[in-house]
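Q: File name final24.pdb; file contents PDB, C-alpha atoms; full text below.
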```pdb
ATOM      1  CA  MET A1495     -18.110  13.948   5.504
ATOM      2  CA  LEU A1496     -19.956  11.293   3.474
ATOM      3  CA  GLU A1497     -21.911  10.039   6.446
ATOM      4  CA  ASP A1498     -22.952  13.590   7.321
ATOM      5  CA  TYR A1499     -24.098  14.157   3.729
ATOM      6  CA  ALA A1500     -26.065  10.889   3.762
ATOM      7  CA  GLN A1501     -27.857  11.715   7.002
ATOM      8  CA  LYS A1502     -28.714  15.258   5.929
ATOM      9  CA  ASN A1503     -30.206  13.968   2.687
ATOM     10  CA  GLY A1504     -32.269  11.163   4.197
ATOM     11  CA  PHE A1505     -30.176   8.144   3.232
ATOM     12  CA  THR A1506     -30.408   5.204   5.627
ATOM     13  CA  GLY A1507     -28.732   1.813   5.996
ATOM     14  CA  ILE A1508     -25.289   3.362   5.676
ATOM     15  CA  ARG A1509     -22.332   1.067   5.052
ATOM     16  CA  HIS A1510     -18.703   2.048   4.466
ATOM     17  CA  PHE A1511     -16.472   0.434   1.829
ATOM     18  CA  THR A1512     -12.836   1.424   2.294
ATOM     19  CA  ASP A1513      -9.515   0.823   0.539
ATOM     20  CA  ASP A1514      -6.718   2.417   2.553
ATOM     21  CA  GLY A1515      -3.309   2.870   0.982
ATOM     22  CA  ILE A1516      -4.195   1.228  -2.351
ATOM     23  CA  SER A1517      -3.839   3.121  -5.611
ATOM     24  CA  GLY A1518      -7.036   4.004  -7.440
ATOM     25  CA  THR A1519      -5.318   3.047 -10.704
ATOM     26  CA  THR A1520      -6.182  -0.575  -9.945
ATOM     27  CA  PHE A1521      -9.752  -1.804  -9.642
ATOM     28  CA  GLU A1522      -8.686  -5.017  -7.905
ATOM     29  CA  ARG A1523      -9.252  -3.449  -4.481
ATOM     30  CA  GLU A1524     -10.920  -5.402  -1.706
ATOM     31  CA  GLY A1525     -13.314  -2.656  -0.646
ATOM     32  CA  LEU A1526     -14.348  -1.769  -4.196
ATOM     33  CA  GLN A1527     -14.882  -5.401  -5.170
ATOM     34  CA  ALA A1528     -16.941  -6.014  -2.015
ATOM     35  CA  MET A1529     -19.116  -3.034  -2.911
ATOM     36  CA  LEU A1530     -19.605  -4.210  -6.509
ATOM     37  CA  ALA A1531     -20.566  -7.661  -5.226
ATOM     38  CA  GLU A1532     -23.331  -6.035  -3.168
ATOM     39  CA  VAL A1533     -24.395  -4.063  -6.243
ATOM     40  CA  LYS A1534     -24.830  -7.324  -8.174
ATOM     41  CA  LYS A1535     -26.946  -8.719  -5.338
ATOM     42  CA  GLY A1536     -29.205  -5.687  -5.504
ATOM     43  CA  ASN A1537     -28.337  -4.587  -1.964
ATOM     44  CA  ILE A1538     -27.132  -1.081  -2.853
ATOM     45  CA  GLY A1539     -29.333   1.777  -4.021
ATOM     46  CA  THR A1540     -26.924   4.707  -3.827
ATOM     47  CA  ILE A1541     -23.140   5.093  -3.789
ATOM     48  CA  ILE A1542     -21.732   8.289  -2.287
ATOM     49  CA  VAL A1543     -18.075   9.258  -2.768
ATOM     50  CA  LYS A1544     -16.010  12.355  -2.057
ATOM     51  CA  ASP A1545     -15.136  12.691  -5.753
ATOM     52  CA  MET A1546     -14.960  10.394  -8.762
ATOM     53  CA  SER A1547     -11.250   9.722  -8.294
ATOM     54  CA  ARG A1548     -12.116   7.846  -5.067
ATOM     55  CA  LEU A1549     -13.762   5.176  -7.208
ATOM     56  CA  GLY A1550     -10.868   4.898  -9.625
ATOM     57  CA  ARG A1551      -8.252   6.613 -11.744
ATOM     58  CA  ASN A1552      -8.586   4.659 -14.974
ATOM     59  CA  TYR A1553     -10.885   6.390 -17.427
ATOM     60  CA  VAL A1554     -11.746   3.254 -19.448
ATOM     61  CA  GLN A1555     -12.690   1.215 -16.378
ATOM     62  CA  MET A1556     -14.526   4.158 -14.845
ATOM     63  CA  GLY A1557     -16.743   4.367 -17.927
ATOM     64  CA  MET A1558     -17.480   0.647 -17.649
ATOM     65  CA  LEU A1559     -18.170   0.997 -13.918
ATOM     66  CA  ARG A1560     -20.666   3.816 -14.387
ATOM     67  CA  GLU A1561     -22.438   1.781 -17.073
ATOM     68  CA  GLN A1562     -22.602  -1.171 -14.673
ATOM     69  CA  LEU A1563     -24.145   1.041 -11.987
ATOM     70  CA  ARG A1564     -26.605   2.542 -14.482
ATOM     71  CA  ARG A1565     -27.826  -0.909 -15.528
ATOM     72  CA  ALA A1566     -28.182  -1.921 -11.893
ATOM     73  CA  ASN A1567     -30.204   1.274 -11.292
ATOM     74  CA  VAL A1568     -27.694   2.451  -8.653
ATOM     75  CA  ARG A1569     -27.505   6.176  -8.014
ATOM     76  CA  LEU A1570     -23.977   7.633  -7.914
ATOM     77  CA  ILE A1571     -23.181  10.848  -6.023
ATOM     78  CA  ALA A1572     -19.797  12.611  -5.922
ATOM     79  CA  VAL A1573     -20.227  15.227  -3.202
ATOM     80  CA  ASN A1574     -17.336  17.597  -3.959
ATOM     81  CA  GLU A1575     -17.980  17.603  -7.710
ATOM     82  CA  GLY A1576     -21.742  18.026  -7.584
ATOM     83  CA  VAL A1577     -22.299  14.822  -9.541
ATOM     84  CA  ASP A1578     -25.614  13.035  -8.983
ATOM     85  CA  THR A1579     -26.789  10.504 -11.558
ATOM     86  CA  GLY A1580     -30.215  10.567  -9.926
ATOM     87  CA  SER A1581     -30.780  14.225 -10.771
ATOM     88  CA  GLY A1582     -32.018  13.456 -14.265
ATOM     89  CA  PHE A1583     -29.226  15.406 -15.949
ATOM     90  CA  ASP A1584     -26.203  13.868 -17.631
ATOM     91  CA  ASP A1585     -22.828  15.361 -16.741
ATOM     92  CA  ASP A1586     -21.035  15.393 -20.109
ATOM     93  CA  PHE A1587     -17.821  16.431 -18.358
ATOM     94  CA  LEU A1588     -17.531  13.140 -16.413
ATOM     95  CA  PRO A1589     -15.359  11.335 -19.023
ATOM     96  CA  PHE A1590     -12.973  14.291 -19.009
ATOM     97  CA  ARG A1591     -12.762  14.130 -15.207
ATOM     98  CA  ASP A1592     -11.758  10.480 -15.541
ATOM     99  CA  VAL A1593      -8.988  11.326 -18.003
ATOM    100  CA  ILE A1594      -7.702  14.096 -15.713
ATOM    101  CA  ASN A1595      -7.773  11.780 -12.687
ATOM    102  CA  GLU A1596      -5.792   9.108 -14.526
ATOM    103  CA  TYR A1597      -3.251  11.661 -15.752
ATOM    104  CA  TYR A1598      -2.901  13.033 -12.219
ATOM    105  CA  ALA A1599      -2.107   9.550 -10.841
ATOM    106  CA  LYS A1600       0.564   9.010 -13.508
ATOM    107  CA  ASP A1601       2.030  12.467 -12.912
ATOM    108  CA  ILE A1602       2.260  11.899  -9.143
ATOM    109  CA  SER A1603       3.950   8.530  -9.740
ATOM    110  CA  LYS A1604       6.615  10.162 -11.934
ATOM    111  CA  LYS A1605       7.239  12.891  -9.358
ATOM    112  CA  ILE A1606       7.631  10.374  -6.532
ATOM    113  CA  LYS A1607      10.118   8.319  -8.558
ATOM    114  CA  PHE A1608      12.066  11.485  -9.407
ATOM    115  CA  THR A1609      12.117  12.497  -5.710
ATOM    116  CA  PHE A1610      13.519   9.118  -4.650
ATOM    117  CA  LYS A1611      16.123   9.251  -7.402
ATOM    118  CA  ALA A1612      17.176  12.768  -6.414
ATOM    119  CA  LYS A1613      17.423  11.778  -2.737
ATOM    120  CA  GLY A1614      19.545   8.757  -3.595
ATOM    121  CA  GLU A1615      21.896  10.700  -5.849
ATOM    122  CA  SER A1616      22.412  13.314  -3.119
ATOM    123  CA  GLY A1617      23.400  10.628  -0.608
ATOM    124  CA  LYS A1618      20.146  10.639   1.361
ATOM    125  CA  HIS A1619      18.279   7.511   2.443
ATOM    126  CA  VAL A1620      15.207   6.586   0.395
ATOM    127  CA  ALA A1621      13.781   4.078   2.882
ATOM    128  CA  SER A1622      11.719   5.047   5.927
ATOM    129  CA  SER A1623      13.196   2.171   7.957
ATOM    130  CA  PRO A1624      16.881   1.192   7.990
ATOM    131  CA  PRO A1625      17.765  -2.293   6.735
ATOM    132  CA  TYR A1626      18.814  -5.092   9.063
ATOM    133  CA  SER A1627      22.164  -4.258  10.766
ATOM    134  CA  TYR A1628      21.480  -0.498  10.850
ATOM    135  CA  LEU A1629      19.495   1.710  13.233
ATOM    136  CA  LYS A1630      18.383   5.319  13.169
ATOM    137  CA  ASP A1631      20.658   7.639  15.108
ATOM    138  CA  GLY A1632      18.864   8.788  18.261
ATOM    139  CA  ALA A1633      20.225  12.316  17.811
ATOM    140  CA  ASP A1634      19.454  12.570  14.083
ATOM    141  CA  LYS A1635      16.771  10.353  12.562
ATOM    142  CA  ASN A1636      18.131  11.047   9.067
ATOM    143  CA  GLN A1637      21.398   9.340   9.956
ATOM    144  CA  TRP A1638      21.914   5.596  10.319
ATOM    145  CA  VAL A1639      24.315   3.927  12.726
ATOM    146  CA  ILE A1640      25.555   0.342  12.809
ATOM    147  CA  ASP A1641      23.531  -2.099  14.900
ATOM    148  CA  GLN A1642      26.273  -3.727  16.942
ATOM    149  CA  VAL A1643      24.171  -6.868  17.508
ATOM    150  CA  ALA A1644      22.991  -7.489  13.954
ATOM    151  CA  ALA A1645      26.074  -6.287  12.056
ATOM    152  CA  PRO A1646      28.236  -9.292  13.055
ATOM    153  CA  ILE A1647      25.509 -11.598  11.719
ATOM    154  CA  VAL A1648      25.533  -9.822   8.358
ATOM    155  CA  ARG A1649      29.337  -9.935   8.210
ATOM    156  CA  ARG A1650      29.190 -13.652   8.988
ATOM    157  CA  ILE A1651      26.640 -14.262   6.231
ATOM    158  CA  CYS A1652      28.883 -12.476   3.738
ATOM    159  CA  ARG A1653      31.953 -14.380   4.939
ATOM    160  CA  MET A1654      30.191 -17.759   4.682
ATOM    161  CA  THR A1655      29.052 -16.846   1.161
ATOM    162  CA  LEU A1656      32.646 -16.131   0.146
ATOM    163  CA  GLU A1657      33.626 -19.471   1.646
ATOM    164  CA  GLY A1658      31.232 -21.222  -0.706
ATOM    165  CA  TYR A1659      28.150 -21.785   1.441
ATOM    166  CA  GLY A1660      24.778 -21.317  -0.228
ATOM    167  CA  PRO A1661      21.767 -19.404   1.190
ATOM    168  CA  TYR A1662      20.029 -22.615   2.259
ATOM    169  CA  GLN A1663      23.086 -23.871   4.144
ATOM    170  CA  ILE A1664      23.615 -20.516   5.866
ATOM    171  CA  ALA A1665      19.942 -20.300   6.870
ATOM    172  CA  ASN A1666      20.069 -23.776   8.421
ATOM    173  CA  GLN A1667      23.200 -22.910  10.376
ATOM    174  CA  LEU A1668      21.672 -19.731  11.843
ATOM    175  CA  LEU A1669      18.499 -21.657  12.648
ATOM    176  CA  ALA A1670      20.477 -24.334  14.455
ATOM    177  CA  GLU A1671      22.153 -21.660  16.581
ATOM    178  CA  HIS A1672      18.812 -20.013  17.420
ATOM    179  CA  ILE A1673      19.854 -16.632  16.069
ATOM    180  CA  PRO A1674      16.802 -14.341  15.831
ATOM    181  CA  ILE A1675      15.630 -13.526  12.323
ATOM    182  CA  PRO A1676      15.779  -9.839  11.255
ATOM    183  CA  ALA A1677      12.039  -9.271  11.795
ATOM    184  CA  HIS A1678      12.146 -10.605  15.347
ATOM    185  CA  HIS A1679      15.329  -8.713  16.196
ATOM    186  CA  GLN A1680      13.877  -5.422  14.934
ATOM    187  CA  SER A1681      10.533  -5.970  16.653
ATOM    188  CA  GLN A1682      12.379  -6.525  19.947
ATOM    189  CA  LEU A1683      14.048  -3.150  19.433
ATOM    190  CA  GLY A1684      10.711  -1.506  18.611
ATOM    191  CA  VAL A1685      11.670  -0.649  15.032
ATOM    192  CA  GLY A1686      10.767  -1.866  11.570
ATOM    193  CA  LEU A1687       7.490  -3.158  10.145
ATOM    194  CA  TRP A1688       6.912  -6.091  12.519
ATOM    195  CA  GLN A1689       6.387  -4.256  15.794
ATOM    196  CA  SER A1690       2.692  -5.114  16.086
ATOM    197  CA  ARG A1691       2.736  -8.480  14.299
ATOM    198  CA  GLU A1692       3.074 -11.916  15.799
ATOM    199  CA  ILE A1693       6.195 -13.812  14.720
ATOM    200  CA  LYS A1694       5.524 -17.518  15.155
ATOM    201  CA  ASN A1695       9.032 -18.721  14.286
ATOM    202  CA  PRO A1696      11.555 -16.108  15.530
ATOM    203  CA  TYR A1697      14.536 -18.299  14.573
ATOM    204  CA  ARG A1698      13.269 -19.648  11.232
ATOM    205  CA  TRP A1699      15.776 -18.259   8.753
ATOM    206  CA  ARG A1700      14.901 -18.740   5.078
ATOM    207  CA  SER A1701      17.226 -18.884   2.112
ATOM    208  CA  SER A1702      15.353 -15.969   0.525
ATOM    209  CA  THR A1703      16.213 -13.789   3.548
ATOM    210  CA  ILE A1704      19.880 -14.706   3.235
ATOM    211  CA  ALA A1705      19.855 -13.973  -0.508
ATOM    212  CA  HIS A1706      18.171 -10.614   0.103
ATOM    213  CA  ILE A1707      20.833  -9.631   2.639
TER     214      ILE A1707
END
```
As structure tokens, how would this structure be written, given the file I've shared?

A:
Amino acid sequence: MLEDYAQKNGFTGIRHFTDDGISGTTFEREGLQAMLAEVKKGNIGTIIVKDMSRLGRNYVQMGMLREQLRRANVRLIAVNEGVDTGSGFDDDFLPFRDVINEYYAKDISKKIKFTFKAKGESGKHVASSPPYSYLKDGADKNQWVIDQVAAPIVRRICRMTLEGYGPYQIANQLLAEHIPIPAHHQSQLGVGLWQSREIKNPYRWRSSTIAHI
């Protein structure tokens, strides 16, 4: 949408700055900081966003950011909101938009926390992926079943703990026996968060992993 707008309005030298999956309540975002670095170098003439909330959801920092862009003579356009600092007219409603955007982020955060709490209290899982030693039921993804390969490892870890072994000692024992770490085991099954990542040490158990289990 932004690229189409830029082309229709004669903007050239298009470059995208993106922050996927990072809350706009923080300004320590890689894409945003890279863009601001280019602003300081004088390499950016116009910034085009879908709406002001895409830049940030903190009204104090947004005010400071707009002032920084004004001093750098950078034009700011928010397509959906009709904002264009190069039009020669000040939008007095902009600070109020920033307050609303920040409130919206806080409100969504509260609702998400309430949803997780409600799910947990009703006996439903709050994690998208089952923990080590459990798998999703093939017939019902909302149900978890015991992983018959990993479960004995977890039981052994608990038993060794009761026998007085510490996390470091347990980790070294599992390493010595070349037992796959949880990430490697789950990636081999095609589940979990490590399916597309390279695991350099598939048997390198750490004490922090043991403590977490």

Q: Please, what distance in Å, to one decimal, runs between CA of Gln1637 in chain A and CA of His1678 in chain A?

A: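 These atoms are spaced 22.6 Å apart.
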
Q: I'd like the contact shell of Gly1686 in chain A - 9 Å cut-off, only C-alpha atoms, skipping same-chain residues fewer than 5 positions apart - returned as a list in words.

A: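 Residues near the query, excluding close chain neighbours: Ser1622, Ser1623, Pro1624, Pro1625, Ala1677, Gln1680 and Ser1681 of chain A.
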
Q: Of the candidates A:Gly1684, A:Gly1617, A:Gln1663, A:Lys1544, which shows the shortest atom-to-atom distance to Glu1497 in chain A, using all atoms listed in the file?

A: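 The closest residue to Glu1497 in chain A is A:Lys1544.
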
Q: Around (22.4, -5.8, 17.6) in the file's frame, which residues reach within 9 Å when counting only C-alpha atoms? Return as an MDAnalysis selection string?

A: chainID A and resid 1627:1628 1640:1647 1679:1680 1683

Q: If we count only C-alpha atoms, what is near range 1648-1657 of chain A at a cut-off of 9 Å, once residues fewer than 6 positions away on the same chain are taken out, given as a list in words?

A: Tyr1626, Ser1627, Ile1664, Ile1704 and Ile1707 of chain A

Q: I need the output of the PyMOL selection byres ((chain A and resi 1574-1582) around 9) for this file as a list of chain:residue names; which residues are they?

A: A:Val1543, A:Lys1544, A:Asp1545, A:Met1546, A:Arg1564, A:Val1568, A:Arg1569, A:Leu1570, A:Ile1571, A:Ala1572, A:Val1573, A:Phe1583, A:Asp1584, A:Asp1585, A:Leu1588

Q: CA of Gln1682 in chain A and CA of Val1620 in chain A are how many Å apart?

A: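 Calculated distance between CA of Gln1682 in chain A and CA of Val1620 in chain A is 23.7 Å.
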
Q: Report, in Å to a single decimal, how far apart CA of Ile1508 in chain A and CA of Thr1520 in chain A are.

A: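 These two atoms are separated by 25.0 Å.
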
Q: Residue by residue, what does the PyMOL selection byres ((chain A and resi 1666-1672) around 10) grab here? Present the result as a list in words.

A: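 After applying the PyMOL selection byres ((chain A and resi 1666-1672) around 10), what remains is Ile1647, Ile1651, Pro1661, Tyr1662, Gln1663, Ile1664, Ala1665, Ile1673, Pro1674, Ile1675, Pro1696, Tyr1697, Arg1698, Trp1699, Arg1700 and Ser1701 of chain A.
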
Q: Which residues come within 12 Å of Ile1538 in chain A, counting only C-alpha atoms, excluding same-chain residues fewer than 5 positions away, as a count of residues only?

A: 19

Q: Using all atoms listed in the file, can you tell me which of A:Tyr1659, A:Gln1527, A:Asn1636, A:Val1554 comes closest to Lys1613 in chain A?

A: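 Among the listed residues, the smallest separation from Lys1613 in chain A belongs to A:Asn1636.
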
Q: Quick one: everything within 12 Å of Arg1523 in chain A, counting only C-alpha atoms, minus sequence neighbours fewer than 2 positions away in the same chain. Send it as a list in words.

A: Phe1511, Thr1512, Asp1513, Asp1514, Gly1515, Ile1516, Ser1517, Gly1518, Thr1519, Thr1520, Phe1521, Gly1525, Leu1526, Gln1527, Ala1528, Met1529, Leu1530, Arg1548, Leu1549 and Gly1550 of chain A

Q: Around all the atoms of range 1631-1636 of chain A listed in the file, with 5 Å of room on each side, what axis-aligned box do you get, giving centre and edge lengths in Å to one decimal, as AutoDock Vina command-line options?

A:
```
--center_x 18.7 --center_y 10.1 --center_z 13.7 --size_x 13.9 --size_y 14.9 --size_z 19.2
```
